[in-house]
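This is target_13.txt. It holds compact mmCIF, N, CA and C atoms.
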# COMPACT_ATOMS: atom_id res chain seq x y z
N MET A 590 99.28 109.42 154.48
CA MET A 590 99.44 109.96 153.15
C MET A 590 100.85 109.64 152.67
N LEU A 591 100.92 109.05 151.51
CA LEU A 591 102.21 108.68 150.94
C LEU A 591 102.27 109.07 149.47
N ILE A 592 103.45 109.44 149.03
CA ILE A 592 103.74 109.61 147.61
C ILE A 592 104.94 108.74 147.32
N GLY A 593 104.80 107.85 146.35
CA GLY A 593 105.91 106.96 146.03
C GLY A 593 105.74 106.33 144.67
N HIS A 594 106.65 105.42 144.36
CA HIS A 594 106.65 104.73 143.07
C HIS A 594 106.31 103.26 143.26
N VAL A 595 105.54 102.73 142.33
CA VAL A 595 105.14 101.33 142.36
C VAL A 595 106.36 100.46 142.04
N GLY A 596 106.62 99.47 142.90
CA GLY A 596 107.81 98.64 142.75
C GLY A 596 107.65 97.45 141.84
N ARG A 597 106.44 96.95 141.67
CA ARG A 597 106.17 95.83 140.76
C ARG A 597 104.71 95.89 140.33
N GLU A 598 104.35 95.12 139.33
CA GLU A 598 102.98 95.13 138.84
C GLU A 598 102.03 94.78 139.99
N PRO A 599 100.90 95.47 140.09
CA PRO A 599 99.93 95.18 141.16
C PRO A 599 99.43 93.74 141.10
N GLU A 600 99.17 93.16 142.29
CA GLU A 600 98.59 91.83 142.38
C GLU A 600 97.09 92.01 142.61
N VAL A 601 96.28 91.59 141.65
CA VAL A 601 94.83 91.77 141.75
C VAL A 601 94.17 90.40 141.84
N ARG A 602 93.24 90.28 142.76
CA ARG A 602 92.46 89.04 142.93
C ARG A 602 91.00 89.40 143.08
N TYR A 603 90.16 88.46 142.72
CA TYR A 603 88.72 88.61 142.92
C TYR A 603 88.29 87.56 143.93
N ILE A 604 87.66 88.02 145.01
CA ILE A 604 87.24 87.11 146.08
C ILE A 604 85.72 87.04 146.12
N ASP A 605 85.14 86.68 147.22
CA ASP A 605 83.71 86.48 147.40
C ASP A 605 82.85 87.38 146.53
N ASN A 606 81.99 86.78 145.75
CA ASN A 606 81.03 87.50 144.90
C ASN A 606 81.69 88.50 143.96
N GLY A 607 82.91 88.24 143.51
CA GLY A 607 83.55 89.10 142.53
C GLY A 607 84.12 90.39 143.07
N VAL A 608 84.34 90.49 144.38
CA VAL A 608 84.92 91.70 144.96
C VAL A 608 86.42 91.74 144.63
N ALA A 609 86.85 92.84 144.01
CA ALA A 609 88.25 92.99 143.61
C ALA A 609 89.09 93.45 144.79
N THR A 610 90.28 92.86 144.92
CA THR A 610 91.27 93.31 145.89
C THR A 610 92.60 93.44 145.14
N ALA A 611 93.42 94.39 145.57
CA ALA A 611 94.72 94.58 144.95
C ALA A 611 95.76 94.89 146.01
N VAL A 612 96.97 94.46 145.75
CA VAL A 612 98.11 94.77 146.61
C VAL A 612 99.14 95.48 145.74
N VAL A 613 99.58 96.64 146.21
CA VAL A 613 100.59 97.42 145.50
C VAL A 613 101.78 97.60 146.44
N SER A 614 102.96 97.38 145.92
CA SER A 614 104.19 97.63 146.65
C SER A 614 104.67 99.04 146.28
N LEU A 615 104.70 99.93 147.28
CA LEU A 615 105.02 101.34 147.03
C LEU A 615 106.32 101.71 147.74
N ALA A 616 107.24 102.32 147.01
CA ALA A 616 108.52 102.77 147.57
C ALA A 616 108.49 104.27 147.80
N THR A 617 108.86 104.69 149.00
CA THR A 617 109.02 106.12 149.29
C THR A 617 110.49 106.36 149.64
N ASN A 618 111.00 107.52 149.25
CA ASN A 618 112.42 107.84 149.45
C ASN A 618 112.60 109.05 150.34
N THR A 619 113.61 108.96 151.20
CA THR A 619 114.07 110.10 151.97
C THR A 619 115.44 110.46 151.41
N PRO A 620 115.63 111.67 150.90
CA PRO A 620 116.91 112.01 150.27
C PRO A 620 118.06 111.99 151.27
N GLY A 621 119.25 111.71 150.75
CA GLY A 621 120.45 111.76 151.58
C GLY A 621 120.86 113.19 151.86
N TYR A 622 121.69 113.38 152.88
CA TYR A 622 122.14 114.72 153.24
C TYR A 622 123.46 114.62 154.00
N THR A 623 124.07 115.77 154.22
CA THR A 623 125.34 115.86 154.94
C THR A 623 125.12 116.63 156.24
N LEU A 624 125.56 116.06 157.35
CA LEU A 624 125.47 116.72 158.65
C LEU A 624 126.52 117.82 158.75
N PRO A 625 126.33 118.80 159.65
CA PRO A 625 127.30 119.88 159.79
C PRO A 625 128.73 119.40 160.03
N GLY A 626 128.90 118.24 160.66
CA GLY A 626 130.24 117.71 160.92
C GLY A 626 130.86 117.00 159.72
N GLY A 627 130.12 116.93 158.60
CA GLY A 627 130.64 116.31 157.39
C GLY A 627 130.19 114.86 157.20
N THR A 628 129.44 114.34 158.16
CA THR A 628 128.96 112.96 158.04
C THR A 628 127.89 112.87 156.96
N GLN A 629 128.06 111.90 156.07
CA GLN A 629 127.09 111.68 155.00
C GLN A 629 125.99 110.72 155.48
N VAL A 630 124.75 111.13 155.34
CA VAL A 630 123.61 110.26 155.64
C VAL A 630 123.03 109.85 154.28
N PRO A 631 123.03 108.54 153.99
CA PRO A 631 122.61 108.10 152.67
C PRO A 631 121.09 108.19 152.46
N GLU A 632 120.70 108.18 151.20
CA GLU A 632 119.27 108.14 150.85
C GLU A 632 118.68 106.86 151.44
N ARG A 633 117.42 106.94 151.85
CA ARG A 633 116.76 105.78 152.45
C ARG A 633 115.45 105.51 151.73
N THR A 634 115.22 104.25 151.38
CA THR A 634 113.98 103.84 150.72
C THR A 634 113.19 102.95 151.67
N GLU A 635 111.91 103.26 151.82
CA GLU A 635 111.00 102.44 152.62
C GLU A 635 109.98 101.83 151.68
N TRP A 636 109.62 100.57 151.92
CA TRP A 636 108.62 99.88 151.12
C TRP A 636 107.33 99.74 151.92
N HIS A 637 106.21 99.98 151.27
CA HIS A 637 104.90 99.93 151.92
C HIS A 637 103.99 98.99 151.14
N ARG A 638 103.22 98.22 151.88
CA ARG A 638 102.24 97.31 151.28
C ARG A 638 100.89 98.02 151.30
N ILE A 639 100.36 98.34 150.12
CA ILE A 639 99.09 99.07 149.99
C ILE A 639 98.00 98.07 149.60
N MET A 640 96.92 98.04 150.38
CA MET A 640 95.76 97.19 150.09
C MET A 640 94.65 98.06 149.53
N LEU A 641 94.07 97.63 148.42
CA LEU A 641 92.97 98.36 147.79
C LEU A 641 91.80 97.41 147.59
N TRP A 642 90.60 97.92 147.70
CA TRP A 642 89.39 97.12 147.60
C TRP A 642 88.44 97.71 146.58
N ARG A 643 87.61 96.85 146.04
CA ARG A 643 86.50 97.19 145.15
C ARG A 643 86.93 98.08 143.98
N ARG A 644 86.34 99.25 143.86
CA ARG A 644 86.58 100.12 142.69
C ARG A 644 88.04 100.57 142.60
N LEU A 645 88.67 100.88 143.74
CA LEU A 645 90.09 101.28 143.69
C LEU A 645 90.95 100.14 143.15
N ALA A 646 90.63 98.91 143.53
CA ALA A 646 91.39 97.75 143.02
C ALA A 646 91.19 97.59 141.52
N GLU A 647 89.98 97.82 141.04
CA GLU A 647 89.72 97.72 139.60
C GLU A 647 90.48 98.80 138.83
N ILE A 648 90.55 100.00 139.38
CA ILE A 648 91.29 101.09 138.75
C ILE A 648 92.78 100.75 138.68
N VAL A 649 93.30 100.23 139.79
CA VAL A 649 94.71 99.84 139.84
C VAL A 649 95.00 98.75 138.80
N GLU A 650 94.10 97.80 138.67
CA GLU A 650 94.29 96.71 137.71
C GLU A 650 94.43 97.24 136.29
N ARG A 651 93.65 98.24 135.93
CA ARG A 651 93.65 98.76 134.56
C ARG A 651 94.74 99.78 134.28
N TYR A 652 95.06 100.64 135.25
CA TYR A 652 95.86 101.83 134.94
C TYR A 652 97.20 101.94 135.65
N VAL A 653 97.46 101.17 136.70
CA VAL A 653 98.69 101.33 137.47
C VAL A 653 99.69 100.24 137.07
N HIS A 654 100.93 100.66 136.84
CA HIS A 654 101.98 99.75 136.42
C HIS A 654 103.27 100.05 137.19
N LYS A 655 104.19 99.11 137.12
CA LYS A 655 105.49 99.27 137.77
C LYS A 655 106.13 100.58 137.34
N GLY A 656 106.64 101.34 138.31
CA GLY A 656 107.32 102.61 138.03
C GLY A 656 106.43 103.83 138.12
N ASP A 657 105.11 103.64 138.09
CA ASP A 657 104.19 104.78 138.18
C ASP A 657 104.27 105.43 139.56
N GLN A 658 104.06 106.73 139.59
CA GLN A 658 104.05 107.48 140.85
C GLN A 658 102.61 107.62 141.32
N LEU A 659 102.38 107.32 142.62
CA LEU A 659 101.04 107.38 143.21
C LEU A 659 101.02 108.23 144.46
N TYR A 660 99.86 108.82 144.71
CA TYR A 660 99.55 109.45 145.98
C TYR A 660 98.48 108.58 146.62
N VAL A 661 98.72 108.13 147.85
CA VAL A 661 97.80 107.23 148.54
C VAL A 661 97.45 107.79 149.91
N GLU A 662 96.17 107.78 150.23
CA GLU A 662 95.69 108.09 151.58
C GLU A 662 95.03 106.85 152.12
N GLY A 663 95.25 106.55 153.40
CA GLY A 663 94.61 105.38 153.97
C GLY A 663 94.89 105.23 155.44
N GLN A 664 94.50 104.07 155.95
CA GLN A 664 94.67 103.74 157.36
C GLN A 664 95.72 102.66 157.52
N LEU A 665 96.50 102.76 158.60
CA LEU A 665 97.45 101.71 158.92
C LEU A 665 96.71 100.56 159.59
N ARG A 666 97.00 99.34 159.15
CA ARG A 666 96.42 98.13 159.74
C ARG A 666 97.56 97.17 160.01
N THR A 667 97.60 96.63 161.21
CA THR A 667 98.62 95.66 161.58
C THR A 667 97.93 94.33 161.86
N ARG A 668 98.51 93.27 161.33
CA ARG A 668 97.96 91.93 161.58
C ARG A 668 99.10 90.95 161.79
N SER A 669 98.77 89.83 162.40
CA SER A 669 99.75 88.78 162.65
C SER A 669 99.29 87.49 162.00
N TYR A 670 100.25 86.66 161.63
CA TYR A 670 99.93 85.35 161.10
C TYR A 670 101.08 84.40 161.42
N THR A 671 100.79 83.10 161.34
CA THR A 671 101.78 82.07 161.57
C THR A 671 102.05 81.37 160.25
N ASP A 672 103.33 81.29 159.86
CA ASP A 672 103.66 80.66 158.59
C ASP A 672 103.64 79.13 158.72
N LYS A 673 103.93 78.43 157.62
CA LYS A 673 103.86 76.96 157.59
C LYS A 673 104.86 76.31 158.54
N LYS A 674 105.94 77.03 158.86
CA LYS A 674 106.96 76.50 159.77
C LYS A 674 106.64 76.79 161.22
N GLY A 675 105.52 77.49 161.47
CA GLY A 675 105.11 77.79 162.83
C GLY A 675 105.66 79.08 163.39
N LYS A 676 106.32 79.87 162.53
CA LYS A 676 106.91 81.13 162.98
C LYS A 676 105.87 82.24 162.90
N GLU A 677 105.76 83.05 163.95
CA GLU A 677 104.81 84.16 164.03
C GLU A 677 105.38 85.38 163.29
N HIS A 678 104.54 86.01 162.47
CA HIS A 678 104.93 87.21 161.73
C HIS A 678 103.92 88.32 162.00
N SER A 679 104.40 89.55 161.96
CA SER A 679 103.54 90.72 162.08
C SER A 679 103.76 91.57 160.84
N ILE A 680 102.66 92.08 160.27
CA ILE A 680 102.76 92.86 159.05
C ILE A 680 101.91 94.11 159.18
N THR A 681 102.42 95.22 158.67
CA THR A 681 101.67 96.48 158.67
C THR A 681 101.35 96.82 157.22
N GLU A 682 100.07 97.13 156.98
CA GLU A 682 99.60 97.46 155.64
C GLU A 682 98.89 98.81 155.68
N ILE A 683 98.78 99.43 154.53
CA ILE A 683 97.98 100.65 154.40
C ILE A 683 96.75 100.27 153.60
N TRP A 684 95.57 100.42 154.20
CA TRP A 684 94.31 100.16 153.51
C TRP A 684 93.89 101.46 152.88
N ALA A 685 94.04 101.54 151.58
CA ALA A 685 93.83 102.79 150.84
C ALA A 685 92.37 103.20 150.83
N GLU A 686 92.15 104.49 151.06
CA GLU A 686 90.82 105.09 150.97
C GLU A 686 90.74 106.05 149.79
N ASN A 687 91.90 106.56 149.37
CA ASN A 687 91.97 107.50 148.25
C ASN A 687 93.26 107.23 147.49
N LEU A 688 93.19 107.37 146.18
CA LEU A 688 94.34 107.10 145.33
C LEU A 688 94.34 108.10 144.19
N GLN A 689 95.50 108.68 143.91
CA GLN A 689 95.65 109.56 142.76
C GLN A 689 96.89 109.13 141.99
N MET A 690 96.73 109.00 140.69
CA MET A 690 97.86 108.64 139.84
C MET A 690 98.58 109.92 139.44
N LEU A 691 99.86 110.00 139.72
CA LEU A 691 100.63 111.21 139.46
C LEU A 691 101.47 111.13 138.19
N THR A 692 101.64 109.92 137.64
CA THR A 692 102.41 109.76 136.41
C THR A 692 101.51 110.05 135.23
N PRO A 693 101.91 110.98 134.35
CA PRO A 693 101.11 111.24 133.16
C PRO A 693 101.00 109.98 132.30
N ARG A 694 99.88 109.81 131.60
CA ARG A 694 99.67 108.63 130.78
C ARG A 694 100.79 108.42 129.77
N SER A 695 101.31 109.51 129.20
CA SER A 695 102.35 109.38 128.18
C SER A 695 103.65 108.84 128.77
N GLN A 696 103.84 108.94 130.08
CA GLN A 696 105.07 108.47 130.72
C GLN A 696 104.88 107.15 131.45
N SER A 697 103.67 106.61 131.45
CA SER A 697 103.38 105.38 132.16
C SER A 697 104.24 104.24 131.63
N ALA A 698 104.61 103.30 132.51
CA ALA A 698 105.50 102.20 132.13
C ALA A 698 104.89 101.27 131.09
N ALA A 699 103.57 101.11 131.11
CA ALA A 699 102.89 100.25 130.13
C ALA A 699 101.77 101.06 129.50
N PRO A 700 101.38 100.70 128.29
CA PRO A 700 100.30 101.47 127.66
C PRO A 700 99.01 101.36 128.45
N ALA A 701 98.40 102.49 128.73
CA ALA A 701 97.15 102.51 129.49
C ALA A 701 95.98 102.31 128.55
N GLN A 702 95.00 101.57 129.03
CA GLN A 702 93.79 101.41 128.26
C GLN A 702 92.92 102.62 128.51
N SER A 703 92.14 102.98 127.52
CA SER A 703 91.30 104.16 127.71
C SER A 703 90.18 103.84 128.67
N ALA A 704 89.83 104.81 129.48
CA ALA A 704 88.76 104.64 130.46
C ALA A 704 87.42 104.58 129.74
N PRO A 705 86.51 103.75 130.24
CA PRO A 705 85.21 103.69 129.60
C PRO A 705 84.48 105.02 129.75
N ALA A 706 83.98 105.54 128.67
CA ALA A 706 83.28 106.82 128.71
C ALA A 706 81.78 106.57 128.66
N ALA A 707 81.04 107.46 129.26
CA ALA A 707 79.59 107.36 129.20
C ALA A 707 79.15 107.74 127.79
N THR A 708 78.50 106.82 127.13
CA THR A 708 78.05 107.06 125.76
C THR A 708 76.57 106.77 125.67
N ALA A 709 76.03 107.00 124.50
CA ALA A 709 74.61 106.72 124.28
C ALA A 709 74.32 105.24 124.45
N GLN A 710 75.32 104.38 124.26
CA GLN A 710 75.12 102.94 124.43
C GLN A 710 74.86 102.60 125.89
N ASN A 711 75.36 103.42 126.82
CA ASN A 711 75.17 103.15 128.24
C ASN A 711 73.85 103.69 128.76
N THR A 712 73.12 104.44 127.96
CA THR A 712 71.85 105.00 128.40
C THR A 712 70.73 104.22 127.76
N PRO A 713 69.58 104.11 128.43
CA PRO A 713 68.48 103.36 127.85
C PRO A 713 67.98 104.03 126.58
N ALA A 714 67.60 103.22 125.62
CA ALA A 714 67.09 103.75 124.35
C ALA A 714 65.69 104.31 124.57
N PRO A 715 65.33 105.39 123.88
CA PRO A 715 63.99 105.94 124.04
C PRO A 715 62.95 104.99 123.45
N ALA A 716 61.78 105.04 123.99
CA ALA A 716 60.69 104.22 123.47
C ALA A 716 60.39 104.65 122.04
N ASN A 717 59.81 103.74 121.26
CA ASN A 717 59.53 104.03 119.85
C ASN A 717 58.62 105.23 119.65
N ASN A 718 57.70 105.45 120.58
CA ASN A 718 56.78 106.57 120.42
C ASN A 718 57.29 107.86 121.06
N ALA A 719 58.50 107.84 121.61
CA ALA A 719 59.03 109.03 122.26
C ALA A 719 59.58 109.98 121.20
N ALA A 720 59.38 111.25 121.42
CA ALA A 720 59.89 112.27 120.50
C ALA A 720 61.38 112.43 120.71
N PRO A 721 62.16 112.69 119.66
CA PRO A 721 63.61 112.88 119.82
C PRO A 721 63.88 114.15 120.64
N ALA A 722 64.95 114.07 121.42
CA ALA A 722 65.32 115.23 122.25
C ALA A 722 65.86 116.34 121.37
N LYS A 723 65.46 117.56 121.68
CA LYS A 723 65.95 118.71 120.92
C LYS A 723 67.24 119.21 121.57
N GLU A 724 68.19 119.51 120.73
CA GLU A 724 69.44 120.06 121.25
C GLU A 724 69.27 121.56 121.45
N VAL A 725 69.66 122.02 122.59
CA VAL A 725 69.54 123.44 122.92
C VAL A 725 70.94 123.98 123.15
N GLU A 726 71.30 124.97 122.39
CA GLU A 726 72.58 125.62 122.59
C GLU A 726 72.40 126.81 123.49
N GLU A 727 73.19 126.84 124.55
CA GLU A 727 73.14 127.97 125.46
C GLU A 727 74.41 128.79 125.26
N LYS A 728 74.23 130.09 125.17
CA LYS A 728 75.40 130.95 125.04
C LYS A 728 75.81 131.40 126.43
N LEU A 729 77.07 131.27 126.69
CA LEU A 729 77.60 131.67 127.99
C LEU A 729 77.78 133.18 128.03
N PRO A 730 77.49 133.81 129.16
CA PRO A 730 77.58 135.26 129.25
C PRO A 730 79.01 135.79 129.30
N PHE A 731 80.00 134.93 129.28
CA PHE A 731 81.39 135.40 129.35
C PHE A 731 82.24 134.76 128.31

Final C-alpha cells representation of the file:
Amino acid sequence: MLIGHVGREPEVRYIDNGVATAVVSLATNTPGYTLPGGTQVPERTEWHRIMLWRRLAEIVERYVHKGDQLYVEGQLRTRSYTDKKGKEHSITEIWAENLQMLTPRSQSAAPAQSAPAATAQNTPAPANNAAPAKEVEEKLPF
C-alpha cells in the first residue's frame, strides 16, 4: 500500500487484442527529522514503478496526471533483463490491484474529462409494441 504523487504523465500502451497497460512513476516521501543529539536527518523521496492493467490502465489514461496524489494497493514483482550492452538489470515493480485518486478534480494538474455516465443511450431501446415504463415515486419513511 502506497500513497504518493505522480512524477510524470502515465505511459499507456495497448498490447495483444487491445489490452491496456500503464506505467506510473509514484513518489513517496519520508519527512525529515532531528535526532536527540541534534543530528538532522533529511527528507527522503522514494520512486516506485506502478504497473496497471486493463480497466485500471484505462482509468489512469483518462484521469491521472502529473502531480496527482494516488493510493495504490498491489503486489511487488521483481524481474531481470539484459540491456543492449549486455549488462544485467533487476527491477522491482508494483502490480496494482486497487487504485484510488486522492486529488480532487478541481486541483488536478490537467483538466479531467467527465466519466461516461449510464444513460438511456446505453440501454436497449424498447420494442415498438412495448408499453412505456411508468414512473413510480416512492416516499421514504424518514

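Across the model, the gap from atom C of Thr692 of chain A to atom C of Val613 of chain A is 16.8 Å.
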
*A:Ala611, A:Met690, A:Leu665, A:Ile604: which is nearest Glu650 of chain A, counting only N, CA and C atoms?*
A:Ala611

*asked:* Env of Gly663 of chain A: 8 Å cut, atoms = only C-alpha atoms, seq-sep filter 5 positions within chain, self excluded. Answer as a count of residues only.
replied: 6

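Summary of the local environment: counting all atoms listed in the file, residues at most 6.5 Å from Arg602 of chain A, other than itself and those fewer than 5 positions away along its chain, are Val608, Ala609, Thr610, Ala611 and Val612 of chain A.
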
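Near Gly621 of chain A, within 7 Å and counting all atoms listed in the file, sit Gln629, Val630, Pro631, Glu632 and Arg633 of chain A; same-chain residues fewer than 5 positions away were not included.
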
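Counting all atoms listed in the file, Ile592 of chain A has the following residues at most 5 Å away, ignoring those fewer than 2 positions along the same chain: Met590, His594, Leu659 and Tyr660 of chain A.
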
*For the atom pair atom N of Tyr652 of chain A and atom N of Pro599 of chain A, what is the interatomic distance in Å to one decimal place?*
9.2 Å

Any chance you could work out the axis-aligned box around segment 656-659 of chain A, listed atoms only, 6 Å on each side, giving centre and edge lengths in Å to one decimal, as AutoDock Vina command-line options?
--center_x 104.2 --center_y 104.8 --center_z 141.2 --size_x 18.3 --size_y 18.9 --size_z 18.4

*In Å to one decimal, how far is atom C of Tyr603 of chain A from atom N of Gln689 of chain A?*
22.3 Å

*Within 6 Å of Ser679 of chain A using only N, CA and C atoms, minus same-chain residues under 3 positions, as a VMD selection string*: chain A and resid 668 to 670

*asked:* When DSSP is applied to the backbone of this structure, which of segment 621-695 of chain A are assigned helix (DSSP H, G or I)? Write them out as a PyMOL selection string.
replied: chain A and resi 643-652+694-695

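Counting only C-alpha atoms and comparing A:Gln664, A:His678, A:Arg694, A:Asn606, the residue that lies closest to Leu591 of chain A is A:Gln664.
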
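The smallest atom-to-atom distance between Trp636 of chain A and any of A:Val653, A:Ala616, A:Val661, A:Ile648, using only N, CA and C atoms, is found for A:Ala616.
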
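Nearest-residue note for Val601 of chain A: choosing from A:Leu624, A:Met640, A:Leu615, A:Ala646, the minimum distance belongs to A:Ala646, counting all atoms listed in the file.
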
*Enumerate as number ranges by chain all residues of segment 619-687 of chain A assigned to strand (DSSP E or B) by DSSP on the backbone, naming them with the chain letters and numbers the document uses.*
A: 619, 622-623, 629-630, 633-642, 658-671, 677-687

Starting from the sparse input, extend segment 628-637 of chain A to all heavy atoms and give the output as a tab-separated table (two decimals), keeping the file's coordinate frame.
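For reference, out-v3.tsv as written:
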chain	number	residue	atom	x	y	z
A	628	THR	N	129.44	114.34	158.16
A	628	THR	CA	128.96	112.96	158.04
A	628	THR	C	127.89	112.87	156.96
A	628	THR	O	126.95	113.65	156.94
A	628	THR	CB	128.37	112.49	159.39
A	628	THR	OG1	129.35	112.66	160.42
A	628	THR	CG2	127.95	111.03	159.32
A	629	GLN	N	128.06	111.90	156.07
A	629	GLN	CA	127.09	111.68	155.00
A	629	GLN	C	125.99	110.72	155.48
A	629	GLN	O	126.28	109.64	155.97
A	629	GLN	CB	127.78	111.05	153.78
A	629	GLN	CG	128.80	111.93	153.13
A	629	GLN	CD	128.15	112.99	152.26
A	629	GLN	OE1	127.04	112.83	151.78
A	629	GLN	NE2	128.84	114.09	152.09
A	630	VAL	N	124.75	111.13	155.34
A	630	VAL	CA	123.61	110.26	155.64
A	630	VAL	C	123.03	109.85	154.28
A	630	VAL	O	122.61	110.70	153.50
A	630	VAL	CB	122.55	111.00	156.49
A	630	VAL	CG1	121.34	110.11	156.73
A	630	VAL	CG2	123.16	111.47	157.81
A	631	PRO	N	123.03	108.54	153.99
A	631	PRO	CA	122.61	108.10	152.67
A	631	PRO	C	121.09	108.19	152.46
A	631	PRO	O	120.33	108.28	153.42
A	631	PRO	CB	123.05	106.63	152.62
A	631	PRO	CG	123.08	106.20	154.04
A	631	PRO	CD	123.46	107.44	154.84
A	632	GLU	N	120.70	108.18	151.20
A	632	GLU	CA	119.27	108.14	150.85
A	632	GLU	C	118.68	106.86	151.44
A	632	GLU	O	119.34	105.82	151.51
A	632	GLU	CB	119.12	108.14	149.33
A	632	GLU	CG	117.68	108.04	148.88
A	632	GLU	CD	117.54	108.09	147.37
A	632	GLU	OE1	118.30	108.83	146.72
A	632	GLU	OE2	116.68	107.37	146.86
A	633	ARG	N	117.42	106.94	151.85
A	633	ARG	CA	116.76	105.78	152.45
A	633	ARG	C	115.45	105.51	151.73
A	633	ARG	O	114.67	106.43	151.49
A	633	ARG	CB	116.50	106.06	153.92
A	633	ARG	CG	116.02	104.88	154.69
A	633	ARG	CD	116.00	105.19	156.15
A	633	ARG	NE	114.63	104.98	156.61
A	633	ARG	CZ	114.20	105.29	157.79
A	633	ARG	NH1	115.00	105.89	158.64
A	633	ARG	NH2	112.97	105.04	158.13
A	634	THR	N	115.22	104.25	151.38
A	634	THR	CA	113.98	103.84	150.72
A	634	THR	C	113.19	102.95	151.67
A	634	THR	O	113.74	102.01	152.24
A	634	THR	CB	114.28	103.07	149.42
A	634	THR	OG1	115.04	103.92	148.56
A	634	THR	CG2	113.01	102.65	148.72
A	635	GLU	N	111.91	103.26	151.82
A	635	GLU	CA	111.00	102.44	152.62
A	635	GLU	C	109.98	101.83	151.68
A	635	GLU	O	109.50	102.49	150.75
A	635	GLU	CB	110.26	103.29	153.66
A	635	GLU	CG	111.11	103.80	154.79
A	635	GLU	CD	111.51	102.70	155.78
A	635	GLU	OE1	110.75	101.73	155.95
A	635	GLU	OE2	112.58	102.84	156.37
A	636	TRP	N	109.62	100.57	151.92
A	636	TRP	CA	108.62	99.88	151.12
A	636	TRP	C	107.33	99.74	151.92
A	636	TRP	O	107.37	99.40	153.10
A	636	TRP	CB	109.13	98.51	150.69
A	636	TRP	CG	110.20	98.63	149.66
A	636	TRP	CD1	111.55	98.67	149.87
A	636	TRP	CD2	110.00	98.78	148.25
A	636	TRP	NE1	112.20	98.84	148.67
A	636	TRP	CE2	111.28	98.89	147.66
A	636	TRP	CE3	108.88	98.82	147.43
A	636	TRP	CZ2	111.46	99.04	146.29
A	636	TRP	CZ3	109.05	98.96	146.07
A	636	TRP	CH2	110.35	99.06	145.52
A	637	HIS	N	106.21	99.98	151.27
A	637	HIS	CA	104.90	99.93	151.92
A	637	HIS	C	103.99	98.99	151.14
A	637	HIS	O	103.98	98.99	149.91
A	637	HIS	CB	104.26	101.32	151.94
A	637	HIS	CG	105.18	102.37	152.47
A	637	HIS	ND1	105.35	102.62	153.81
A	637	HIS	CD2	106.01	103.23	151.83
A	637	HIS	CE1	106.23	103.59	153.98
A	637	HIS	NE2	106.65	103.98	152.78
